[in-house]
$ cat data16.csv   # CSV, C-alpha atoms (C1' of nucleotides)
chain,number,residue,atom,x,y,z
A,4,PRO,CA,-14.2,-36.6,-10.5
A,5,SER,CA,-16.7,-34.0,-9.3
A,6,THR,CA,-16.6,-33.7,-5.6
A,7,ILE,CA,-18.5,-31.2,-3.3
A,8,PHE,CA,-15.3,-29.1,-3.3
A,9,THR,CA,-15.2,-28.7,-7.1
A,10,TYR,CA,-18.8,-27.6,-7.0
A,11,GLY,CA,-17.9,-25.2,-4.3
A,12,ILE,CA,-15.2,-23.6,-6.4
A,13,LEU,CA,-17.5,-23.4,-9.4
A,14,MET,CA,-20.4,-21.9,-7.5
A,15,ASN,CA,-18.1,-19.3,-6.0
A,16,CYS,CA,-16.9,-18.5,-9.5
A,17,CYS,CA,-20.5,-17.9,-10.7
A,18,CYS,CA,-21.0,-15.6,-7.8
A,19,ARG,CA,-17.9,-13.5,-8.4
A,20,THR,CA,-18.7,-13.2,-12.1
A,21,ARG,CA,-22.2,-12.0,-11.3
A,22,ARG,CA,-24.0,-15.1,-12.3
A,23,PRO,CA,-25.6,-16.2,-9.0
A,24,GLU,CA,-28.5,-18.0,-10.6
A,25,LEU,CA,-26.1,-20.2,-12.4
A,26,GLY,CA,-24.4,-21.0,-9.1
A,27,LEU,CA,-27.7,-22.0,-7.7
A,28,ALA,CA,-28.3,-24.2,-10.6
A,29,PHE,CA,-25.1,-26.0,-9.9
A,30,PHE,CA,-26.2,-26.5,-6.3
A,31,GLY,CA,-29.3,-28.1,-7.7
A,32,ARG,CA,-27.0,-30.7,-9.3
A,33,VAL,CA,-25.2,-31.2,-6.0
A,34,LEU,CA,-28.6,-32.1,-4.4
A,35,ARG,CA,-29.6,-34.4,-7.3
A,36,MET,CA,-26.3,-36.2,-7.2
A,37,GLY,CA,-26.8,-36.8,-3.5
A,38,LEU,CA,-23.4,-35.2,-2.6
A,39,ARG,CA,-23.1,-34.3,1.0
A,40,THR,CA,-23.0,-30.5,1.5
A,41,ASN,CA,-20.5,-28.9,3.8
A,42,VAL,CA,-20.7,-25.6,5.5
A,43,VAL,CA,-18.6,-23.7,2.9
A,44,VAL,CA,-20.8,-24.8,0.0
A,45,ALA,CA,-23.9,-24.0,2.0
A,46,THR,CA,-22.4,-20.6,2.7
A,47,THR,CA,-21.7,-20.2,-1.0
A,48,VAL,CA,-25.4,-20.9,-1.7
A,49,LEU,CA,-26.2,-18.0,0.7
A,50,GLN,CA,-23.8,-15.8,-1.2
A,51,CYS,CA,-25.5,-16.7,-4.5
A,52,LEU,CA,-28.9,-16.0,-3.1
A,53,CYS,CA,-27.7,-12.6,-1.8
A,54,GLY,CA,-26.1,-11.8,-5.1
A,55,ALA,CA,-29.4,-12.5,-6.8
A,56,LYS,CA,-31.1,-10.1,-4.4
A,57,ARG,CA,-32.9,-12.9,-2.7
A,58,THR,CA,-31.8,-12.0,0.8
A,59,ASP,CA,-35.0,-13.2,2.6
A,60,GLU,CA,-34.5,-16.7,1.2
A,61,ALA,CA,-30.8,-16.6,2.4
A,62,VAL,CA,-32.1,-15.7,5.9
A,63,ASP,CA,-34.5,-18.6,5.8
A,64,ILE,CA,-31.8,-21.1,4.7
A,65,LEU,CA,-29.4,-19.7,7.3
A,66,LEU,CA,-31.9,-20.1,10.2
A,67,HIS,CA,-33.8,-23.2,9.1
A,68,ARG,CA,-32.5,-25.2,6.2
A,69,MET,CA,-28.7,-25.4,6.8
A,70,SER,CA,-29.3,-27.8,9.7
A,71,GLU,CA,-31.5,-29.9,7.4
A,72,LEU,CA,-28.5,-30.1,5.0
A,73,GLY,CA,-26.4,-31.3,7.9
A,74,CYS,CA,-24.2,-28.3,8.6
A,75,VAL,CA,-24.0,-25.6,11.2
A,76,PRO,CA,-23.8,-22.0,10.1
A,77,ASP,CA,-20.5,-20.4,10.9
A,78,ASP,CA,-19.3,-16.8,11.1
A,79,PHE,CA,-19.0,-16.6,7.3
A,80,SER,CA,-22.6,-17.7,6.9
A,81,TYR,CA,-23.9,-15.0,9.2
A,82,ASN,CA,-21.6,-12.2,8.0
A,83,ILE,CA,-22.6,-12.7,4.3
A,84,VAL,CA,-26.3,-12.6,5.1
A,85,LEU,CA,-25.8,-9.6,7.4
A,86,LYS,CA,-24.0,-7.7,4.7
A,87,SER,CA,-26.8,-8.4,2.2
A,88,LEU,CA,-29.4,-7.0,4.7
A,89,CYS,CA,-27.3,-3.9,5.2
A,90,ASP,CA,-26.9,-3.5,1.5
A,91,ASP,CA,-30.7,-3.6,1.3
A,92,SER,CA,-30.9,-0.8,3.8
A,93,ARG,CA,-32.3,-3.1,6.4
A,94,SER,CA,-29.5,-2.7,9.0
A,95,GLN,CA,-31.9,-3.0,11.9
A,96,ARG,CA,-33.0,-6.4,10.7
A,97,ALA,CA,-29.3,-7.2,10.5
A,98,LEU,CA,-28.9,-6.2,14.1
A,99,ASP,CA,-31.8,-8.4,15.1
A,100,LEU,CA,-30.2,-11.3,13.3
A,101,LEU,CA,-26.9,-10.5,15.1
A,102,ARG,CA,-28.7,-10.7,18.4
A,103,MET,CA,-30.2,-14.1,17.5
A,104,TRP,CA,-26.7,-15.3,16.7
A,105,GLU,CA,-25.4,-14.2,20.0
A,106,ASN,CA,-28.2,-16.1,21.8
A,107,GLU,CA,-27.4,-19.3,20.0
A,108,ARG,CA,-24.2,-19.6,21.9
A,109,GLY,CA,-22.8,-21.8,19.2
A,110,VAL,CA,-19.3,-22.5,18.0
A,111,CYS,CA,-18.7,-18.9,17.0
A,112,SER,CA,-19.8,-15.5,17.8
A,113,PRO,CA,-19.9,-12.1,16.1
A,114,ASN,CA,-16.4,-11.0,15.1
A,115,VAL,CA,-14.8,-7.8,13.8
A,116,TYR,CA,-16.2,-8.4,10.2
A,117,THR,CA,-19.7,-8.7,11.7
A,118,TYR,CA,-19.6,-5.4,13.6
A,119,ASN,CA,-17.9,-3.6,10.7
A,120,THR,CA,-20.7,-4.7,8.4
A,121,VAL,CA,-23.6,-3.6,10.6
A,122,ILE,CA,-21.9,-0.3,11.7
A,123,HIS,CA,-21.3,0.6,8.1
A,124,GLY,CA,-25.0,-0.2,7.4
A,125,PHE,CA,-26.2,2.0,10.1
A,126,PHE,CA,-23.9,4.9,9.0
A,127,LYS,CA,-25.2,4.5,5.4
A,128,GLU,CA,-28.8,4.8,6.7
A,129,GLY,CA,-28.0,7.8,8.8
A,130,GLU,CA,-28.5,5.9,12.0
A,131,VAL,CA,-25.5,7.5,13.6
A,132,SER,CA,-26.3,6.7,17.2
A,133,LYS,CA,-27.0,3.0,16.5
A,134,ALA,CA,-23.7,2.8,14.7
A,135,CYS,CA,-21.8,4.4,17.6
A,136,ASN,CA,-23.5,2.2,20.1
A,137,LEU,CA,-22.2,-0.9,18.3
A,138,PHE,CA,-18.8,0.7,18.1
A,139,HIS,CA,-18.6,0.8,21.9
A,140,GLU,CA,-20.4,-2.5,22.3
A,141,MET,CA,-17.9,-4.5,20.3
A,142,ALA,CA,-15.0,-3.3,22.4
A,143,GLN,CA,-16.9,-4.2,25.5
A,144,LYS,CA,-17.5,-7.7,24.2
A,145,GLY,CA,-13.8,-8.3,23.5
A,146,VAL,CA,-13.8,-7.5,19.8
A,147,PRO,CA,-11.5,-4.4,19.4
A,148,PRO,CA,-12.2,-2.1,16.6
A,149,ASN,CA,-9.7,-2.5,13.8
A,150,VAL,CA,-8.5,-0.2,11.0
A,151,VAL,CA,-11.6,-0.9,9.0
A,152,THR,CA,-13.9,0.0,11.9
A,153,TYR,CA,-12.1,3.3,12.4
A,154,SER,CA,-11.9,4.1,8.7
A,155,LEU,CA,-15.6,3.7,8.1
A,156,THR,CA,-16.4,5.7,11.2
A,157,ILE,CA,-14.0,8.5,10.2
A,158,ASP,CA,-15.6,8.4,6.7
A,159,ALA,CA,-19.0,8.9,8.2
A,160,LEU,CA,-17.8,11.8,10.2
A,161,CYS,CA,-16.1,13.4,7.2
A,162,LYS,CA,-19.3,13.0,5.1
A,163,ALA,CA,-21.2,14.7,7.9
A,164,ARG,CA,-18.6,17.5,7.6
A,165,ALA,CA,-17.5,16.9,11.2
A,166,MET,CA,-13.8,17.1,10.4
A,167,ASP,CA,-12.7,18.0,13.9
A,168,LYS,CA,-14.4,14.8,15.2
A,169,ALA,CA,-12.8,12.8,12.4
A,170,GLN,CA,-9.4,14.2,13.3
A,171,LEU,CA,-10.1,13.2,16.9
A,172,PHE,CA,-10.9,9.6,15.9
A,173,LEU,CA,-7.7,9.5,13.8
A,174,ARG,CA,-5.7,10.4,16.8
A,175,GLN,CA,-7.5,8.0,19.0
A,176,MET,CA,-6.9,5.0,16.7
A,177,ILE,CA,-3.2,5.8,16.5
A,178,HIS,CA,-3.1,6.2,20.3
A,179,LYS,CA,-4.7,2.7,20.7
A,180,GLY,CA,-2.1,1.2,18.4
A,181,VAL,CA,-4.3,0.7,15.3
A,182,ARG,CA,-2.3,1.9,12.3
A,183,PRO,CA,-4.2,4.0,9.8
A,184,ASN,CA,-3.9,2.7,6.2
A,185,ASN,CA,-4.5,4.2,2.8
A,186,VAL,CA,-8.3,4.1,3.2
A,187,THR,CA,-8.1,6.0,6.5
A,188,TYR,CA,-6.1,8.8,5.0
A,189,ASN,CA,-8.0,8.8,1.7
A,190,VAL,CA,-11.3,9.5,3.5
A,191,MET,CA,-9.6,12.3,5.6
A,192,ILE,CA,-8.1,13.9,2.5
A,193,HIS,CA,-11.4,13.6,0.6
A,194,GLY,CA,-13.2,15.2,3.5
A,195,TYR,CA,-10.9,18.2,3.6
A,196,CYS,CA,-10.8,18.6,-0.2
A,197,THR,CA,-14.6,18.5,-0.4
A,198,LEU,CA,-14.8,21.4,2.0
A,199,GLY,CA,-12.1,23.2,0.0
A,200,GLN,CA,-9.7,23.0,2.9
A,201,TRP,CA,-6.7,22.3,0.7
A,202,LYS,CA,-4.1,23.2,3.4
A,203,GLU,CA,-5.5,20.6,5.8
A,204,ALA,CA,-5.7,18.0,3.0
A,205,GLY,CA,-2.0,18.7,2.3
A,206,LYS,CA,-1.2,18.1,5.9
A,207,MET,CA,-2.9,14.7,5.8
A,208,PHE,CA,-1.2,13.9,2.6
A,209,ARG,CA,2.2,14.6,4.2
A,210,GLU,CA,1.3,12.6,7.3
A,211,MET,CA,0.3,9.7,5.1
A,212,THR,CA,3.6,9.6,3.2
A,213,ARG,CA,5.6,10.1,6.4
A,214,GLN,CA,4.0,6.9,7.7
A,215,GLY,CA,5.4,5.1,4.7
A,216,LEU,CA,2.0,4.8,3.0
A,217,ILE,CA,1.9,5.3,-0.8
A,218,PRO,CA,-1.0,7.4,-2.1
A,219,ASP,CA,-3.0,5.3,-4.6
A,220,ILE,CA,-5.4,5.8,-7.4
A,221,VAL,CA,-8.2,6.6,-4.9
A,222,THR,CA,-6.2,9.3,-3.3
A,223,TRP,CA,-5.6,11.0,-6.6
A,224,THR,CA,-9.1,10.5,-8.0
A,225,SER,CA,-10.8,12.0,-5.0
A,226,PHE,CA,-8.3,14.9,-5.1
A,227,MET,CA,-9.1,15.4,-8.8
A,228,ALA,CA,-12.9,15.1,-8.1
A,229,SER,CA,-12.6,17.9,-5.5
A,230,LEU,CA,-10.7,20.1,-7.9
A,231,CYS,CA,-13.4,19.6,-10.5
A,232,LYS,CA,-16.2,20.4,-8.0
A,233,HIS,CA,-14.5,23.6,-7.2
A,234,GLY,CA,-14.3,24.7,-10.8
A,235,ARG,CA,-10.6,23.8,-11.2
A,236,THR,CA,-10.9,21.1,-13.8
A,237,LYS,CA,-7.9,22.5,-15.7
A,238,GLU,CA,-5.7,21.7,-12.7
A,239,ALA,CA,-7.3,18.3,-12.3
A,240,ALA,CA,-6.4,17.6,-16.0
A,241,GLU,CA,-2.8,18.7,-15.5
A,242,PHE,CA,-2.7,16.3,-12.6
A,243,PHE,CA,-4.1,13.5,-14.7
A,244,ASP,CA,-1.5,14.2,-17.4
A,245,SER,CA,1.4,14.1,-15.0
A,246,MET,CA,0.1,10.9,-13.5
A,247,THR,CA,-0.2,9.1,-16.8
A,248,ALA,CA,3.1,10.5,-18.0
A,249,LYS,CA,4.7,8.7,-15.0
A,250,GLY,CA,3.1,5.5,-16.2
A,251,HIS,CA,0.2,5.2,-13.8
A,252,LYS,CA,-2.8,3.7,-15.4
A,253,PRO,CA,-6.0,5.6,-14.9
A,254,ASP,CA,-9.0,3.5,-14.1
A,255,LEU,CA,-12.6,4.0,-15.2
A,256,VAL,CA,-13.6,6.1,-12.2
A,257,MET,CA,-10.7,8.5,-12.9
A,258,TYR,CA,-11.8,8.9,-16.5
A,259,HIS,CA,-15.4,9.6,-15.3
A,260,VAL,CA,-14.3,12.2,-12.9
A,261,LEU,CA,-12.4,14.1,-15.5
A,262,LEU,CA,-15.1,13.7,-18.2
A,263,HIS,CA,-17.6,15.0,-15.7
A,264,GLY,CA,-15.4,17.9,-14.9
A,265,TYR,CA,-15.0,18.8,-18.6
A,266,ALA,CA,-18.7,18.4,-19.1
A,267,THR,CA,-19.6,20.8,-16.3
A,268,GLU,CA,-17.2,23.5,-17.7
A,269,GLY,CA,-18.3,22.9,-21.3
A,270,CYS,CA,-14.9,21.8,-22.5
A,271,PHE,CA,-16.3,19.5,-25.2
A,272,ALA,CA,-13.2,19.2,-27.3
A,273,ASP,CA,-11.3,18.0,-24.2
A,274,MET,CA,-14.0,15.6,-23.5
A,275,ILE,CA,-13.8,14.0,-27.0
A,276,ASN,CA,-10.0,13.8,-26.8
A,277,LEU,CA,-10.2,12.1,-23.4
A,278,PHE,CA,-12.9,9.8,-24.6
A,279,ASN,CA,-10.8,8.7,-27.5
A,280,SER,CA,-7.7,8.0,-25.4
A,281,MET,CA,-9.9,6.0,-23.1
A,282,ALA,CA,-11.0,3.8,-25.9
A,283,THR,CA,-7.5,3.1,-27.0
A,284,LYS,CA,-6.0,2.5,-23.6
A,285,GLY,CA,-8.9,0.5,-22.4
A,286,THR,CA,-9.6,-1.0,-19.0
A,287,ARG,CA,-9.0,-4.6,-18.1
A,288,SER,CA,-11.5,-5.2,-15.3
A,289,VAL,CA,-13.8,-7.3,-17.4
A,290,SER,CA,-11.1,-9.5,-18.9
A,291,ARG,CA,-9.6,-10.0,-15.4
A,292,CYS,CA,-13.0,-11.4,-14.3
A,293,MET,CA,-13.0,-13.8,-17.2
A,294,ASP,CA,-9.4,-15.0,-16.4
A,295,LEU,CA,-10.6,-15.8,-12.9
A,296,PHE,CA,-13.5,-17.7,-14.2
A,297,ASN,CA,-11.4,-19.7,-16.8
A,298,SER,CA,-8.7,-20.7,-14.3
A,299,ASN,CA,-11.3,-22.0,-11.9
A,300,ILE,CA,-13.0,-23.9,-14.8
A,301,CYS,CA,-9.6,-25.5,-15.4
A,302,THR,CA,-9.3,-26.5,-11.7
A,303,LEU,CA,-12.7,-28.2,-12.0
A,304,GLN,CA,-11.7,-30.1,-15.2
A,305,ASN,CA,-8.4,-31.3,-13.7
A,306,GLY,CA,-10.2,-32.3,-10.5
B,17,DC,C1',-13.5,-23.1,-1.8
B,18,DT,C1',-15.9,-18.1,1.9
B,19,DG,C1',-16.8,-12.2,5.0
B,20,DA,C1',-15.8,-5.7,6.4
B,21,DC,C1',-13.8,0.4,4.8
B,22,DC,C1',-12.2,5.1,0.6
B,23,DC,C1',-12.7,7.9,-5.3
B,24,DG,C1',-17.9,8.7,-9.8
B,25,DA,C1',-23.1,8.5,-10.9
B,26,DC,C1',-28.5,11.2,-12.0
$ encode --input "data16.csv" --output "structure tokens"
Amino acid sequence: PSTIFTYGILMNCCCRTRRPELGLAFFGRVLRMGLRTNVVVATTVLQCLCGAKRTDEAVDILLHRMSELGCVPDDFSYNIVLKSLCDDSRSQRALDLLRMWENERGVCSPNVYTYNTVIHGFFKEGEVSKACNLFHEMAQKGVPPNVVTYSLTIDALCKARAMDKAQLFLRQMIHKGVRPNNVTYNVMIHGYCTLGQWKEAGKMFREMTRQGLIPDIVTWTSFMASLCKHGRTKEAAEFFDSMTAKGHKPDLVMYHVLLHGYATEGCFADMINLFNSMATKGTRSVSRCMDLFNSNICTLQNG
DNA sequence: CTGACCCGAC
């Protein structure tokens, strides 16, 4: 009953559970069985290669081998490989590939995911002007920046301690009708907290809730991290306690932040207590991954 | 069956 679709699902699963080589092994079976590959499965192969840190092979397949397999790369194919190049700190190479894609004039062209990926890559590498050029270019080419584009730009400005410019961008996006989301406000709040500008952070927090947005675990964690960095771990701990008392489940990052705070201030007894409560409460991220894997295995067997 | 952004870390 195995069709190319079931292999696609299985390979995707291997990728998500961090077993890209296994996914590639399944693709080997697809080839041996003589099943006809479609563009989604070919793109999943790219994803597996990228996950296995074999980006150059992914580029080669994207540019040369996909047509041999009888399919045309689509926007997903390009975006996945571009992301991998950017993750490897080769954003300029990603931009070159983006240019090649534009010149192909095929069925699809770079979209908002594409630009966001490469802009983010440039910001991460400190290539601010290249990132800004792309920001302007996308709008000119009829791809308006969305909430992600603005959020990652605002994040870069905040990390460069340019809070005034970040604030300007926030106003600009609202003016252009792009609604800020939790991420947008989280990076602003984190920016102000990092600089110890608690008052401004509070303003952002109130603006966020006024917009009907609900602060999430990232909001709280970054707030706690800033408290710890300013030698106020005790307040961070009180915050943590009130959160858990309200039934909010801390995640691994939140524990790490508080543990690191305790460690910095030499509160070793508190560290041990927290460590023990961490072990009993546990985190479910790993088991969730396994659930995903199992349900997809079932799909395969039923197919 | 597929893609982009925020919190830690040494």
$ atom_distance --input "data16.csv" --atom1 "CA of Ala169 (chain A)" --atom2 "CA of Ile157 (chain A)"
5.0 Å
$ closest_atom_pairs --input "data16.csv" --of "region 178-198 of chain A" --to "chain B" --cutoff "6 Å" --atoms "only C-alpha atoms (C1' of nucleotides)" --output "tab-separated table"
residue	atom	partner	partner_atom	distance
A:Val186	CA	B:DC22	C1'	4.8
A:Asn189	CA	B:DC22	C1'	5.7
A:Val190	CA	B:DC22	C1'	5.3
$ atom_distance --input "data16.csv" --atom1 "CA of Met274 (chain A)" --atom2 "CA of Val221 (chain A)"
21.5 Å
$ residues_around --input "data16.csv" --residues "Cys196 (chain A)" --least-positions-apart "3" --cutoff "8 Å" --atoms "all atoms listed in the file" --output "list in words"
Ile192, His193, Gly199, Gln200, Trp201, Ala204, Phe226, Ser229 and Leu230 of chain A
$ closest_residue --input "data16.csv" --among "A:Ile122, A:Val260, A:Leu27, A:Leu100" --to "chain B" --atoms "all atoms listed in the file"
A:Val260
